[in-house]
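A short worksheet on the structure shown next.
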Amino acid sequence: MQEWALLAVAAVLIIVVVSYAAPKLGVAAPVLLVLVGMGCSQLPGAPHLFVEPEWILVIVLPPILYSAAVNVPVVDFRRNFATIGALSVLLVVVSAFGTGLLIWWLLPEIGFAAALALGAVISPPDAVAATSIGKKLGLPPRLVTILEGEGLVNDATALVLLRTAIVAITASVSFGSAVGDFAYAVSVGVVIGAAVGIVSVWARSKIQGQPVLTTAISYVVPFLAFIPAEEVHASGVIAVVVAGLITGHQSAKRFTAHDRISERTNWRTIQLILENGVFLLVGFELTSVVATVADDDLARTLVIGALATVALVLLRVAFTIPVIALLRRQQRRADAFTGKLEAFADRFVARGPKPGEEKRYDRGIRMLQRKQADVAFYATEGLSWRGGAVLAWSGMRGVVTVAAAQTLPEDLPFRNELILIAFTVAILTLVVQGGSLPLVIRWLGIRGNDEDHERREYARLAGELVTASRTLLESSTLCRENGEPFDEHLLEQTLERTIAMSEGIEKKFLEQDPDKSLHQRFELQRMMTDAQQNALLDARAGGTYASHTLERAQTFVDSQSTRFM
């Protein structure tokens, strides 16, 4: 037991060190972790390590998916749903059948069903390495969202396809039943995930001021969605993703600010350890996987793995070309439709609401605003062919490929060779594609959103927030919680400060000169907060204040510090 505990501690420390060093080296952390794991497995006295694949699929995969889903904006996911669906369903099916046929041709003795099962195992890309590189190098947000969405949903397609292929090894399966099973798995998974997401958000919103309790609930939400869905033979992956999307979307309305900050920090920590831990495990297990394959078959198996990797890359490139063409066509149509939609919106607003239909009119205004925002998004956030090249090259395999490969039936002929093929695909794509992706991005010269545009947009939104405060302060119906009016002098002072704030917001975000008085003021305020923190540390060291008093003071200083980060 102590040996396992020591290994766990060492793994966490390695993950932290590699995650810190990877950005400085310009390499994705998963790539380095695979290499470090391979090196650690060769150390003298390194233990034989094998983790049951069910542990990864049931214990590790749900939290990873949930932590990613709660941070994906639902609006962006909805706008890119067609592209995400094409990549996570159609491309996975095409890749599974394409590589399955190749493997069957190279290993005809295993049968097509077993070859298709392996094709399903190696078909879903893992977006961890791609998005970590893309965010660091400033890829367009839409491209990052597509990669994240694909990584969330494609696992469901691969696992359902794998389940069907394993059944087909011993029994006949028709095309209609396979499609029906997939439709059942997705639809029931969506229902279960939505139910868990809605109920958990409601329950957590009722527990106010107790972040420890709400955090404890959030830890079990992915399992509450995954396990029941799998028990009824639906897609646990889809259930977890839906629950995570609902939780992330509702958090701004239903959770307190403290709960949201705590949720982001906790789940990012869990995501860091679990995701990177699996990549470290991949490298560590490689030696034992190679040892299970006979020397005579080792070279052939590695060659098949390399050929399958090439096939996956070519299939993804071929599939990406029409996807990008359709996205560019969508951009041209949205650009042409913008003027017509604006003209219609102007006529609708000028007409005004009919008597008794004010609520219906307000709903129509909101729908028009949403439609205008969607059209503007499609017109301005299109993907170029260079973005398509990055999308085509972002096909690294990871967590699901490693775990699913080891769930192949024990009595399957050439099972060890098939597992090694899957490991070969995962490591080749991580090292070759993941290692070269930063160079590809720099060579193509892809950049994210214009920084000046982002600052202007942020200033405009911040101005709207301040305007809402001014509207509240100037309202004639404003009163305290007990029904009594606020002090007039206090209202006047607050309104003056709010007006001054609104006038300074645009300067703060649009004027980037560090010598401006506004920037100097924020710099001075940060220095004052640091001085307060130092004084608090001195008071803590002196021991003259009670611990609960020091804790309250620390909370106040921390809240002030976050304002100037």
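Letters for chains follow the order of the structure tokens (A, B, ...), residue numbers begin at 1 for each chain, and ligand numbers begin at 1 in the order shown.
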Compile the contact shell of Val402 (chain A) as a list in words: residues with an atom at most 8 Å away, counting only C-alpha atoms, same-chain residues fewer than 6 positions apart removed. Val282, Ala422, Phe423 and Ala426 of chain A
Would you mind exporting N, CA, C and O atoms of the selected residues as an mmCIF file, in the first residue's frame?
data_model
loop_
_atom_site.group_PDB
_atom_site.id
_atom_site.type_symbol
_atom_site.label_atom_id
_atom_site.label_comp_id
_atom_site.auth_asym_id
_atom_site.auth_seq_id
_atom_site.Cartn_x
_atom_site.Cartn_y
_atom_site.Cartn_z
ATOM 1 N N VAL A 282 0.208 6.126 -19.819
ATOM 2 C CA VAL A 282 0.401 5.570 -21.165
ATOM 3 C C VAL A 282 1.874 5.277 -21.409
ATOM 4 O O VAL A 282 2.262 4.184 -21.852
ATOM 5 N N ALA A 422 -3.085 -0.052 -30.752
ATOM 6 C CA ALA A 422 -3.760 1.129 -30.208
ATOM 7 C C ALA A 422 -2.776 2.026 -29.468
ATOM 8 O O ALA A 422 -2.797 3.263 -29.624
ATOM 9 N N PHE A 423 -1.881 1.440 -28.664
ATOM 10 C CA PHE A 423 -0.872 2.239 -27.961
ATOM 11 C C PHE A 423 0.055 2.936 -28.947
ATOM 12 O O PHE A 423 0.447 4.091 -28.737
ATOM 13 N N ALA A 426 -1.716 5.939 -30.346
ATOM 14 C CA ALA A 426 -1.810 7.016 -29.356
ATOM 15 C C ALA A 426 -0.477 7.737 -29.194
ATOM 16 O O ALA A 426 -0.412 8.973 -29.200
#
Selection near region 536-541 of chain A, 9 Å with only C-alpha atoms, sequence-local residues under 3 positions removed, as a ChimeraX atom specification: /A:531-533,544-547,550,553-554,557
Restricting the output to C-alpha atoms, write the selected residues as a compact mmCIF listing (two decimals), in the first residue's frame.
# COMPACT_ATOMS: atom_id res chain seq x y z
CA ALA A 531 1.27 46.21 1.94
CA GLN A 532 -1.94 45.10 3.68
CA GLN A 533 -1.00 41.47 3.11
CA THR A 544 -1.73 38.99 19.21
CA TYR A 545 -4.96 38.42 17.26
CA ALA A 546 -7.41 35.55 17.40
CA SER A 547 -7.27 33.11 14.50
CA LEU A 550 -7.11 36.89 11.13
CA ALA A 553 -9.11 39.90 7.57
CA GLN A 554 -7.45 37.51 5.10
CA VAL A 557 -7.61 41.30 1.65
Have a look at A:Glu342, A:Asp181, A:Asp259, A:Glu523 and name the one nearest to Val160 (chain A); count only C-alpha atoms. A:Asp181
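Proximity to Pro211 (chain A) was assessed for A:Glu231, A:Glu263, A:Glu481, A:Glu410 counting only C-alpha atoms; the smallest distance is recorded for A:Glu263.
Shortest separation to Leu495 (chain A) among A:Glu474, A:Glu381, A:Asp346, A:Glu285 occurs at residue A:Glu474, atoms counted being only C-alpha atoms.
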Near Ile365 (chain A), within 10 Å and counting only C-alpha atoms, which residues show up once chain neighbours fewer than 6 positions away are dropped, as a PyMOL selection string? chain A and resi 345+348-349+359+371
